[in-house]
Amino acid sequence: MARLTGRTVIVTGAARGIGAAYATALAKEGAKVAVCDILDPSATVTAVEATGGEAHGAVCDITDAAAVAGFVEAVLAKFGSVDGLVNNAALFATLRAKPVEEVSSDEFDQVLRVNVRGTFEMIKAVLPTMKRQGYGKIVNIASGTLFKGTPFLVPYVASKGALLGITRSVAREVGSAGICVNCVAPGLTMSEAIGDNPDYSGDLAAATVKSRCIPRDQKPDDLTGIVTFLLSAESDFMTGQTVVVDGGSIMH
């Protein structure tokens, strides 16, 4: 039996790239997958169904509490439970690297609104169901930039630092309810959107590869195994932790 058979997992930011890779990988492990994005996620739904899996998709602004609640209600109506949540949605690929004094207040607020507020809204929306079930898995996607203190990306690094704090705090709150909350910190991952941004696909990508024990580009598929593990029964006694997956660039 696949590791996630019978479980329903929500993946945010899953219209393409890493989120789509999570969704299809989880479906192959038996999960019923619900995906949302500010973009149309129908291609991901089709990809999941092509694996033989069940899927639900919707356009949803994760910073809008009412929209998030409606999305979760629709997932419950279709699948009957929410057993896992992968908070993948984030602003990053379209950001330009720049000195902190050149970052506008509006840009800073926008990044934190999506990356932090969106995660907060999704967690709030799924917790009542997970508590009633007495079981749930939440996986927040942070970033190795937090541990490196990557320069010229202050809004993004700040947002991912917040996710580390949210992970630990919520894990303390909900462990007695049978809910595990963990965090994955990827390295620079070469999705199609990252490849389109010259700030990330050129010298930074080359320097990142050199810093790794495994000296190659990181691919979305490099992250699906750890996310599957954290959603499965194999990690039922693991919570409040952050796992770095970056080919050995960071060791902590």
# chains A, B, ... in the order shown; residues from 1 in each chain; ligands from 1
>>> residues_around(residues="stretch 69-85 of chain A", least_positions_apart="5", cutoff="9 Å", atoms="only C-alpha atoms", output="PyMOL selection string")
chain A and resi 7-12+32+34+36+56-60+64+121-126+129-130+133+135-140+231-232
>>> select_by_dssp(residues="stretch 40-173 of chain A", states="strand (DSSP E or B)", output="list of chain:residue names")
A:Ala55, A:His56, A:Gly57, A:Ala58, A:Val59, A:Gly84, A:Leu85, A:Val86, A:Asn87, A:Gly136, A:Lys137, A:Ile138, A:Val139, A:Asn140, A:Ile141
>>> write_last_selection(atoms="all heavy atoms", output="mmCIF file, in the first residue's frame")
data_model
loop_
_atom_site.group_PDB
_atom_site.id
_atom_site.type_symbol
_atom_site.label_atom_id
_atom_site.label_comp_id
_atom_site.auth_asym_id
_atom_site.auth_seq_id
_atom_site.Cartn_x
_atom_site.Cartn_y
_atom_site.Cartn_z
ATOM 1 N N ALA A 55 -8.276 14.445 -7.640
ATOM 2 C CA ALA A 55 -7.797 15.803 -7.429
ATOM 3 C C ALA A 55 -8.946 16.790 -7.400
ATOM 4 O O ALA A 55 -10.004 16.571 -7.984
ATOM 5 C CB ALA A 55 -6.805 16.201 -8.519
ATOM 6 N N HIS A 56 -8.706 17.882 -6.698
ATOM 7 C CA HIS A 56 -9.610 19.036 -6.689
ATOM 8 C C HIS A 56 -8.726 20.264 -6.838
ATOM 9 O O HIS A 56 -7.680 20.367 -6.180
ATOM 10 C CB HIS A 56 -10.391 19.107 -5.386
ATOM 11 C CG HIS A 56 -11.175 20.380 -5.226
ATOM 12 N ND1 HIS A 56 -12.341 20.629 -5.909
ATOM 13 C CD2 HIS A 56 -10.930 21.496 -4.469
ATOM 14 C CE1 HIS A 56 -12.796 21.827 -5.577
ATOM 15 N NE2 HIS A 56 -11.961 22.367 -4.713
ATOM 16 N N GLY A 57 -9.118 21.193 -7.672
ATOM 17 C CA GLY A 57 -8.319 22.400 -7.860
ATOM 18 C C GLY A 57 -9.183 23.635 -7.893
ATOM 19 O O GLY A 57 -10.339 23.595 -8.318
ATOM 20 N N ALA A 58 -8.620 24.744 -7.426
ATOM 21 C CA ALA A 58 -9.354 26.010 -7.435
ATOM 22 C C ALA A 58 -8.370 27.168 -7.417
ATOM 23 O O ALA A 58 -7.278 27.065 -6.848
ATOM 24 C CB ALA A 58 -10.291 26.117 -6.236
ATOM 25 N N VAL A 59 -8.776 28.254 -8.042
ATOM 26 C CA VAL A 59 -8.038 29.512 -7.896
ATOM 27 C C VAL A 59 -8.391 30.078 -6.522
ATOM 28 O O VAL A 59 -9.569 30.179 -6.166
ATOM 29 C CB VAL A 59 -8.424 30.501 -9.011
ATOM 30 C CG1 VAL A 59 -7.776 31.857 -8.769
ATOM 31 C CG2 VAL A 59 -8.023 29.945 -10.369
ATOM 32 N N GLY A 84 -3.558 16.477 5.503
ATOM 33 C CA GLY A 84 -2.247 17.096 5.349
ATOM 34 C C GLY A 84 -2.351 18.428 4.638
ATOM 35 O O GLY A 84 -3.280 18.671 3.860
ATOM 36 N N LEU A 85 -1.405 19.293 4.930
ATOM 37 C CA LEU A 85 -1.314 20.609 4.292
ATOM 38 C C LEU A 85 0.141 20.891 3.980
ATOM 39 O O LEU A 85 1.001 20.793 4.861
ATOM 40 C CB LEU A 85 -1.861 21.688 5.233
ATOM 41 C CG LEU A 85 -1.565 23.142 4.868
ATOM 42 C CD1 LEU A 85 -2.233 23.538 3.559
ATOM 43 C CD2 LEU A 85 -2.005 24.076 5.999
ATOM 44 N N VAL A 86 0.418 21.254 2.730
ATOM 45 C CA VAL A 86 1.755 21.688 2.327
ATOM 46 C C VAL A 86 1.665 23.165 1.956
ATOM 47 O O VAL A 86 1.075 23.541 0.948
ATOM 48 C CB VAL A 86 2.284 20.873 1.127
ATOM 49 C CG1 VAL A 86 3.699 21.334 0.757
ATOM 50 C CG2 VAL A 86 2.256 19.386 1.430
ATOM 51 N N ASN A 87 2.242 24.013 2.804
ATOM 52 C CA ASN A 87 2.227 25.460 2.577
ATOM 53 C C ASN A 87 3.398 25.837 1.672
ATOM 54 O O ASN A 87 4.465 26.253 2.127
ATOM 55 C CB ASN A 87 2.301 26.204 3.910
ATOM 56 C CG ASN A 87 0.967 26.260 4.612
ATOM 57 O OD1 ASN A 87 -0.041 26.628 4.019
ATOM 58 N ND2 ASN A 87 0.951 25.884 5.882
ATOM 59 N N GLY A 136 -3.280 15.064 12.013
ATOM 60 C CA GLY A 136 -3.010 15.930 10.876
ATOM 61 C C GLY A 136 -1.518 16.164 10.719
ATOM 62 O O GLY A 136 -0.744 16.020 11.665
ATOM 63 N N LYS A 137 -1.132 16.521 9.490
ATOM 64 C CA LYS A 137 0.261 16.828 9.188
ATOM 65 C C LYS A 137 0.313 18.162 8.444
ATOM 66 O O LYS A 137 -0.366 18.328 7.419
ATOM 67 C CB LYS A 137 0.898 15.738 8.308
ATOM 68 C CG LYS A 137 1.003 14.355 8.971
ATOM 69 C CD LYS A 137 1.951 14.405 10.154
ATOM 70 C CE LYS A 137 2.224 13.027 10.736
ATOM 71 N NZ LYS A 137 3.204 12.259 9.975
ATOM 72 N N ILE A 138 1.108 19.088 8.957
ATOM 73 C CA ILE A 138 1.321 20.374 8.298
ATOM 74 C C ILE A 138 2.796 20.487 7.954
ATOM 75 O O ILE A 138 3.663 20.303 8.825
ATOM 76 C CB ILE A 138 0.879 21.546 9.194
ATOM 77 C CG1 ILE A 138 -0.626 21.457 9.464
ATOM 78 C CG2 ILE A 138 1.242 22.891 8.553
ATOM 79 C CD1 ILE A 138 -1.134 22.465 10.480
ATOM 80 N N VAL A 139 3.091 20.799 6.699
ATOM 81 C CA VAL A 139 4.471 20.974 6.240
ATOM 82 C C VAL A 139 4.601 22.385 5.670
ATOM 83 O O VAL A 139 3.963 22.723 4.667
ATOM 84 C CB VAL A 139 4.852 19.929 5.171
ATOM 85 C CG1 VAL A 139 6.298 20.138 4.728
ATOM 86 C CG2 VAL A 139 4.644 18.513 5.697
ATOM 87 N N ASN A 140 5.401 23.204 6.314
ATOM 88 C CA ASN A 140 5.683 24.552 5.827
ATOM 89 C C ASN A 140 6.965 24.531 5.008
ATOM 90 O O ASN A 140 7.935 23.874 5.386
ATOM 91 C CB ASN A 140 5.826 25.520 7.004
ATOM 92 C CG ASN A 140 4.552 25.633 7.816
ATOM 93 O OD1 ASN A 140 3.458 25.627 7.265
ATOM 94 N ND2 ASN A 140 4.680 25.727 9.128
ATOM 95 N N ILE A 141 6.968 25.248 3.905
ATOM 96 C CA ILE A 141 8.156 25.290 3.050
ATOM 97 C C ILE A 141 8.886 26.610 3.286
ATOM 98 O O ILE A 141 8.399 27.683 2.928
ATOM 99 C CB ILE A 141 7.792 25.149 1.561
ATOM 100 C CG1 ILE A 141 6.937 23.886 1.327
ATOM 101 C CG2 ILE A 141 9.066 25.116 0.719
ATOM 102 C CD1 ILE A 141 7.627 22.579 1.670
#
>>> closest_atom_pairs(of="stretch 81-101 of chain A", to="stretch 195-217 of chain A", cutoff="8 Å", atoms="only C-alpha atoms", output="tab-separated table")
residue	atom	partner	partner_atom	distance
A:Ala93	CA	A:Asn197	CA	6.8
A:Thr94	CA	A:Asn197	CA	6.9
A:Arg96	CA	A:Asp199	CA	6.5
A:Ala97	CA	A:Asp199	CA	6.4
>>> write_last_selection(atoms="N, CA, C and O atoms", output="PDB file, in the first residue's frame")
ATOM      1  N   ALA A  93      10.089  33.736  -7.111  1.00  0.00           N
ATOM      2  CA  ALA A  93      10.665  33.645  -8.455  1.00  0.00           C
ATOM      3  C   ALA A  93      10.612  34.959  -9.215  1.00  0.00           C
ATOM      4  O   ALA A  93      11.462  35.223 -10.073  1.00  0.00           O
ATOM      5  N   THR A  94       9.633  35.808  -8.913  1.00  0.00           N
ATOM      6  CA  THR A  94       9.499  37.077  -9.643  1.00  0.00           C
ATOM      7  C   THR A  94      10.207  38.231  -8.940  1.00  0.00           C
ATOM      8  O   THR A  94      10.258  39.345  -9.483  1.00  0.00           O
ATOM      9  N   ARG A  96      13.187  40.608  -7.636  1.00  0.00           N
ATOM     10  CA  ARG A  96      14.521  40.978  -8.071  1.00  0.00           C
ATOM     11  C   ARG A  96      15.411  41.190  -6.861  1.00  0.00           C
ATOM     12  O   ARG A  96      14.997  41.769  -5.853  1.00  0.00           O
ATOM     13  N   ALA A  97      16.625  40.698  -6.936  1.00  0.00           N
ATOM     14  CA  ALA A  97      17.578  40.913  -5.858  1.00  0.00           C
ATOM     15  C   ALA A  97      17.987  42.383  -5.832  1.00  0.00           C
ATOM     16  O   ALA A  97      18.321  42.953  -6.879  1.00  0.00           O
TER      17      ALA A  97
END
>>> atom_distance(atom1="atom CA of A:Val244", atom2="atom CA of A:Pro186")
5.9 Å
>>> residues_around(residues="A:Thr24", least_positions_apart="5", cutoff="8 Å", atoms="only C-alpha atoms", output="VMD selection string")
chain A and resid 44 47 to 48 51
